[in-house]
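One file, data_8.tsv, is given below (TSV, C-alpha atoms).
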chain	number	residue	atom	x	y	z
A	28	LYS	CA	235.29	149.40	93.19
A	29	ASN	CA	233.12	149.75	90.14
A	30	LYS	CA	231.68	153.21	89.47
A	31	LEU	CA	228.28	153.48	87.87
A	32	PRO	CA	228.28	155.67	84.73
A	33	MET	CA	226.51	159.00	85.16
A	34	LYS	CA	223.60	159.73	82.87
A	35	LEU	CA	224.20	163.00	81.11
A	36	ILE	CA	221.79	165.14	79.17
A	37	PRO	CA	223.01	165.27	75.59
A	38	PRO	CA	224.52	168.74	74.91
A	39	PRO	CA	222.04	169.73	72.14
A	40	LEU	CA	219.06	168.92	74.39
A	41	PHE	CA	220.66	170.75	77.32
A	42	PHE	CA	221.11	173.95	75.29
A	43	MET	CA	217.56	173.70	73.92
A	44	LEU	CA	216.17	173.42	77.46
A	45	LEU	CA	218.32	176.32	78.63
A	46	ALA	CA	217.21	178.53	75.72
A	47	GLY	CA	213.56	177.63	76.31
A	48	CYS	CA	213.74	178.70	79.94
A	49	SER	CA	215.36	182.03	79.11
A	50	LEU	CA	212.97	182.90	76.27
A	51	LEU	CA	209.73	182.44	78.18
A	52	PRO	CA	208.31	185.87	79.01
A	53	PRO	CA	207.44	186.60	82.64
A	54	VAL	CA	203.75	186.38	83.44
A	55	ALA	CA	202.47	189.78	84.52
A	56	ASP	CA	199.30	190.37	86.49
A	57	ALA	CA	196.57	191.98	84.43
A	58	PRO	CA	195.87	195.57	85.57
A	59	VAL	CA	192.66	196.24	87.48
A	60	ARG	CA	190.72	199.41	86.65
A	61	HIS	CA	188.88	201.23	89.44
A	62	LEU	CA	186.03	203.73	89.25
A	63	LEU	CA	184.85	206.34	91.72
A	64	ASP	CA	181.09	206.32	92.17
A	65	SER	CA	178.39	208.04	94.18
A	66	SER	CA	176.91	206.05	97.03
A	67	LEU	CA	174.06	208.51	97.56
A	68	HIS	CA	170.46	207.72	96.78
A	69	GLY	CA	168.58	210.87	97.72
A	70	LYS	CA	165.85	212.97	96.23
A	71	ASP	CA	164.33	212.26	92.85
A	72	GLN	CA	165.74	214.61	90.26
A	73	ARG	CA	162.51	216.48	89.47
A	74	THR	CA	163.48	220.14	89.53
A	75	SER	CA	165.34	222.18	86.93
A	76	SER	CA	167.23	224.42	89.33
A	77	PRO	CA	169.81	225.15	90.42
A	78	VAL	CA	171.68	224.91	87.12
A	79	VAL	CA	175.27	224.32	88.19
A	80	ALA	CA	178.41	223.15	86.39
A	81	ILE	CA	181.08	221.21	88.25
A	82	ALA	CA	184.52	222.09	86.88
A	83	ARG	CA	187.25	219.48	86.84
A	84	PRO	CA	189.19	220.03	90.05
A	85	SER	CA	192.81	221.11	90.15
A	86	LEU	CA	194.96	218.21	91.41
A	87	PRO	CA	198.50	218.09	92.76
A	88	PRO	CA	200.88	216.68	90.12
A	89	TYR	CA	201.47	213.42	91.98
A	90	LEU	CA	197.78	212.52	91.56
A	91	GLU	CA	197.68	213.34	87.84
A	92	ARG	CA	198.45	209.79	86.79
A	93	ASN	CA	196.64	206.58	85.82
A	94	GLU	CA	197.97	204.58	88.77
A	95	LEU	CA	196.56	204.76	92.28
A	96	VAL	CA	198.93	206.27	94.85
A	97	THR	CA	199.39	205.52	98.57
A	98	ARG	CA	201.31	207.70	101.01
A	99	VAL	CA	203.67	205.28	102.75
A	100	THR	CA	205.40	207.77	105.05
A	101	ALA	CA	205.83	211.52	105.11
A	102	GLY	CA	207.40	212.45	101.79
A	103	ARG	CA	207.22	208.93	100.32
A	104	LEU	CA	204.63	207.52	97.94
A	105	SER	CA	203.89	204.03	96.64
A	106	ILE	CA	202.65	203.73	93.04
A	107	HIS	CA	200.26	200.82	92.38
A	108	GLU	CA	201.24	199.90	88.82
A	109	ASN	CA	198.51	197.26	88.43
A	110	ASP	CA	195.71	199.35	89.98
A	111	LEU	CA	194.62	201.97	87.46
A	112	TRP	CA	191.85	204.55	87.29
A	113	ALA	CA	189.22	203.77	84.65
A	114	GLU	CA	189.06	207.50	83.79
A	115	PRO	CA	191.15	210.59	84.62
A	116	LEU	CA	190.86	211.26	88.34
A	117	ASP	CA	189.81	214.90	87.90
A	118	ALA	CA	186.97	213.87	85.54
A	119	ALA	CA	185.86	211.17	87.98
A	120	ILE	CA	185.74	213.61	90.91
A	121	ALA	CA	183.69	216.15	88.91
A	122	ARG	CA	181.28	213.40	87.82
A	123	VAL	CA	180.77	212.06	91.36
A	124	ILE	CA	180.36	215.53	92.90
A	125	ALA	CA	177.73	216.38	90.25
A	126	GLU	CA	175.84	213.15	90.90
A	127	ASN	CA	175.98	213.67	94.67
A	128	LEU	CA	174.64	217.22	94.32
A	129	ARG	CA	171.82	216.07	92.04
A	130	HIS	CA	170.73	213.63	94.73
A	131	ARG	CA	171.02	216.20	97.52
A	132	THR	CA	169.19	219.03	95.72
A	133	GLY	CA	166.78	217.15	93.47
A	134	SER	CA	168.01	219.20	90.48
A	135	ALA	CA	168.63	217.36	87.23
A	136	ASN	CA	170.68	220.32	85.98
A	137	ILE	CA	173.87	219.78	87.96
A	138	GLN	CA	176.45	218.30	85.62
A	139	PRO	CA	180.19	218.28	84.96
A	140	SER	CA	180.99	221.43	82.98
A	141	GLY	CA	181.85	219.42	79.85
A	142	SER	CA	178.29	218.07	79.72
A	143	PHE	CA	176.79	221.51	79.04
A	144	ILE	CA	176.46	222.98	75.56
A	145	GLY	CA	177.79	226.51	75.83
A	146	HIS	CA	177.36	228.27	79.18
A	147	ASP	CA	173.82	227.17	79.94
A	148	TYR	CA	174.40	227.24	83.69
A	149	SER	CA	174.18	229.97	86.33
A	150	SER	CA	177.24	229.07	88.40
A	151	VAL	CA	180.31	226.87	88.51
A	152	VAL	CA	181.72	224.89	91.43
A	153	GLU	CA	185.51	225.19	91.41
A	154	ILE	CA	187.63	222.85	93.56
A	155	ARG	CA	191.36	222.76	94.23
A	156	ILE	CA	192.48	219.51	95.85
A	157	ASP	CA	195.67	219.61	97.89
A	158	ARG	CA	195.61	216.01	99.08
A	159	PHE	CA	193.39	213.03	98.28
A	160	ASP	CA	195.25	209.84	99.13
A	161	PRO	CA	195.41	207.23	101.88
A	162	SER	CA	198.14	206.38	104.31
A	163	SER	CA	199.38	202.82	104.67
A	164	ALA	CA	197.68	202.84	108.11
A	165	GLY	CA	194.22	202.92	106.51
A	166	VAL	CA	193.26	206.60	106.82
A	167	LEU	CA	192.18	208.52	103.73
A	168	LEU	CA	192.65	212.29	103.88
A	169	LEU	CA	190.89	214.78	101.61
A	170	GLU	CA	192.06	218.39	101.84
A	171	CYS	CA	190.74	220.99	99.41
A	172	THR	CA	189.41	224.48	98.86
A	173	TRP	CA	186.25	225.22	96.89
A	174	LYS	CA	183.99	228.06	95.80
A	175	ILE	CA	180.82	228.65	93.80
A	176	GLN	CA	181.46	231.15	91.00
A	177	SER	CA	178.55	232.89	89.29
A	178	VAL	CA	178.80	233.19	85.51
A	179	LYS	CA	177.90	236.88	86.02
A	180	GLY	CA	181.16	237.42	87.83
A	181	SER	CA	180.29	237.38	91.52
A	182	GLY	CA	181.23	234.40	93.64
A	183	ASP	CA	181.32	233.04	97.15
A	184	LEU	CA	184.41	233.31	99.27
A	185	THR	CA	186.79	230.38	98.93
A	186	LYS	CA	186.09	227.78	101.62
A	187	THR	CA	188.35	225.08	103.00
A	188	PHE	CA	187.36	221.47	103.56
A	189	GLN	CA	189.14	218.60	105.25
A	190	THR	CA	187.98	215.12	106.22
A	191	GLU	CA	189.49	211.79	107.25
A	192	VAL	CA	187.85	208.46	106.43
A	193	ASN	CA	189.09	205.24	108.02
A	194	PHE	CA	189.13	202.06	105.95
A	195	ASN	CA	190.38	198.49	106.27
A	196	SER	CA	193.83	198.49	104.69
A	197	HIS	CA	194.42	194.78	105.26
A	198	ALA	CA	191.43	193.05	103.63
A	199	ASP	CA	190.93	194.19	100.00
A	200	PRO	CA	192.86	197.44	100.60
A	201	ILE	CA	192.34	199.00	97.15
A	202	PRO	CA	188.54	198.46	96.90
A	203	ASN	CA	188.16	199.66	100.50
A	204	ARG	CA	190.30	202.68	99.72
A	205	VAL	CA	188.10	203.55	96.69
A	206	LYS	CA	184.99	203.30	98.92
A	207	ALA	CA	186.67	205.67	101.40
A	208	MET	CA	187.33	208.13	98.56
A	209	ASN	CA	183.65	207.95	97.59
A	210	GLU	CA	182.68	208.65	101.22
A	211	ALA	CA	185.02	211.66	101.39
A	212	LEU	CA	183.48	213.08	98.19
A	213	ASP	CA	180.01	212.53	99.68
A	214	GLN	CA	181.02	214.63	102.69
A	215	LEU	CA	182.43	217.37	100.48
A	216	SER	CA	179.25	217.36	98.40
A	217	GLU	CA	177.17	217.81	101.55
A	218	GLU	CA	179.11	220.97	102.39
A	219	ILE	CA	178.77	222.34	98.86
A	220	ALA	CA	175.03	221.58	98.78
A	221	LYS	CA	174.49	223.89	101.76
A	222	SER	CA	175.61	226.85	99.60
A	223	LEU	CA	173.50	226.10	96.51

When written as structure tokens, how does the structure in this file appear?
Amino acid sequence: KNKLPMKLIPPPLFFMLLAGCSLLPPVADAPVRHLLDSSLHGKDQRTSSPVVAIARPSLPPYLERNELVTRVTAGRLSIHENDLWAEPLDAAIARVIAENLRHRTGSANIQPSGSFIGHDYSSVVEIRIDRFDPSSAGVLLLECTWKIQSVKGSGDLTKTFQTEVNFNSHADPIPNRVKAMNEALDQLSEEIAKSL
């Protein structure tokens, strides 16, 4: 029986093709940057009081990062390497709380503390966040303590706050999670506004 000759790739071409495949860099997804934002549209900001500074909140170390974090199970977190905050999370929270309180009170003089020149405010809202992350089941939990501290030294008693916001974790989970965070901050702002 006659055997047909096999067509071989010439060795130089084979090694060039092999080198080309190994030198191509992997294609990485471009990171997406997310921003917390107020969803309130309340009173016109026409008054000048109260004059309140919103301090950057204290965060647990696992939230002091650029990447968004999801609690997968008790004691286990998932880091979203391609989903990043557009600004430090503590600065974003202070900004959104200030905006929410401006809408709820009508005062144009409620700002993050860094926006004031000197101490041109009468009191400071201080917040310590213990948890502000979603579960993989689509429930966002915000747990914190907060107080209003007068610049003259006296202050309210520290108050606790906790809320759960459900969100769709299957369709567009990250954008829905950011909306849930905005809603939780709206609820916290409503509680703080009652004491201003």

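One distance worth recording is that between CA of Pro115 in chain A and CA of Ser149 in chain A, which is 25.8 Å.
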
Checklist entry - So which residues touch Ser177 in chain A within 9 Å, counting only C-alpha atoms, skipping near sequence neighbours fewer than 6 positions away, as a VMD selection string? => result chain A and resid 148 to 152 183

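Of the listed residues A:Ala113, A:Val78, A:Ile120, A:Ala135, the one whose atoms come nearest to Val178 in chain A is A:Val78, with distances taken using all atoms listed in the file.
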
Go through range 82-157 of chain A and flag each residue having an atom no more than 12 Å from range 201-207 of chain A; for those, report the closest pair of atoms plus their distance in Å to one decimal, using all atoms listed in the file, ordered by chain and rising number, as a tab-separated table.
residue	atom	partner	partner_atom	distance
A:Glu94	CA	A:Ile201	CA	11.5
A:Leu95	CA	A:Ile201	CA	8.6
A:Val96	CA	A:Ile201	CA	10.1
A:Thr97	CA	A:Arg204	CA	9.6
A:His107	CA	A:Ile201	CA	9.4
A:Asn109	CA	A:Ile201	CA	10.8
A:Asp110	CA	A:Ile201	CA	7.9
A:Leu111	CA	A:Ile201	CA	10.4
A:Trp112	CA	A:Val205	CA	10.2
A:Leu116	CA	A:Val205	CA	11.7
A:Ala119	CA	A:Val205	CA	11.8
A:Ile120	CA	A:Val205	CA	11.8

Could you save the residues just selected, with C-alpha atoms, as a short mmCIF file (atom, residue, chain, number, x, y, z; two decimals), in the frame of the given file?
data_model
loop_
_atom_site.label_atom_id
_atom_site.label_comp_id
_atom_site.auth_asym_id
_atom_site.auth_seq_id
_atom_site.Cartn_x
_atom_site.Cartn_y
_atom_site.Cartn_z
CA GLU A 94 197.97 204.58 88.77
CA LEU A 95 196.56 204.76 92.28
CA VAL A 96 198.93 206.27 94.85
CA THR A 97 199.39 205.52 98.57
CA HIS A 107 200.26 200.82 92.38
CA ASN A 109 198.51 197.26 88.43
CA ASP A 110 195.71 199.35 89.98
CA LEU A 111 194.62 201.97 87.46
CA TRP A 112 191.85 204.55 87.29
CA LEU A 116 190.86 211.26 88.34
CA ALA A 119 185.86 211.17 87.98
CA ILE A 120 185.74 213.61 90.91
#

Checklist entry - Gln189 in chain A: which residues within 9 Å, counting all atoms listed in the file, same-chain residues fewer than 3 positions away excluded, as a list in words? => result Leu168, Leu169, Glu170, Cys171, Thr172, Ala211 and Leu215 of chain A

Item to check | Spatial neighbours of Arg129 in chain A, max dist 10 Å, only C-alpha atoms, sep filter under 4 positions, as a ChimeraX atom specification | outcome: /A:67-74,76-77,79,123-125,133-138,216,220
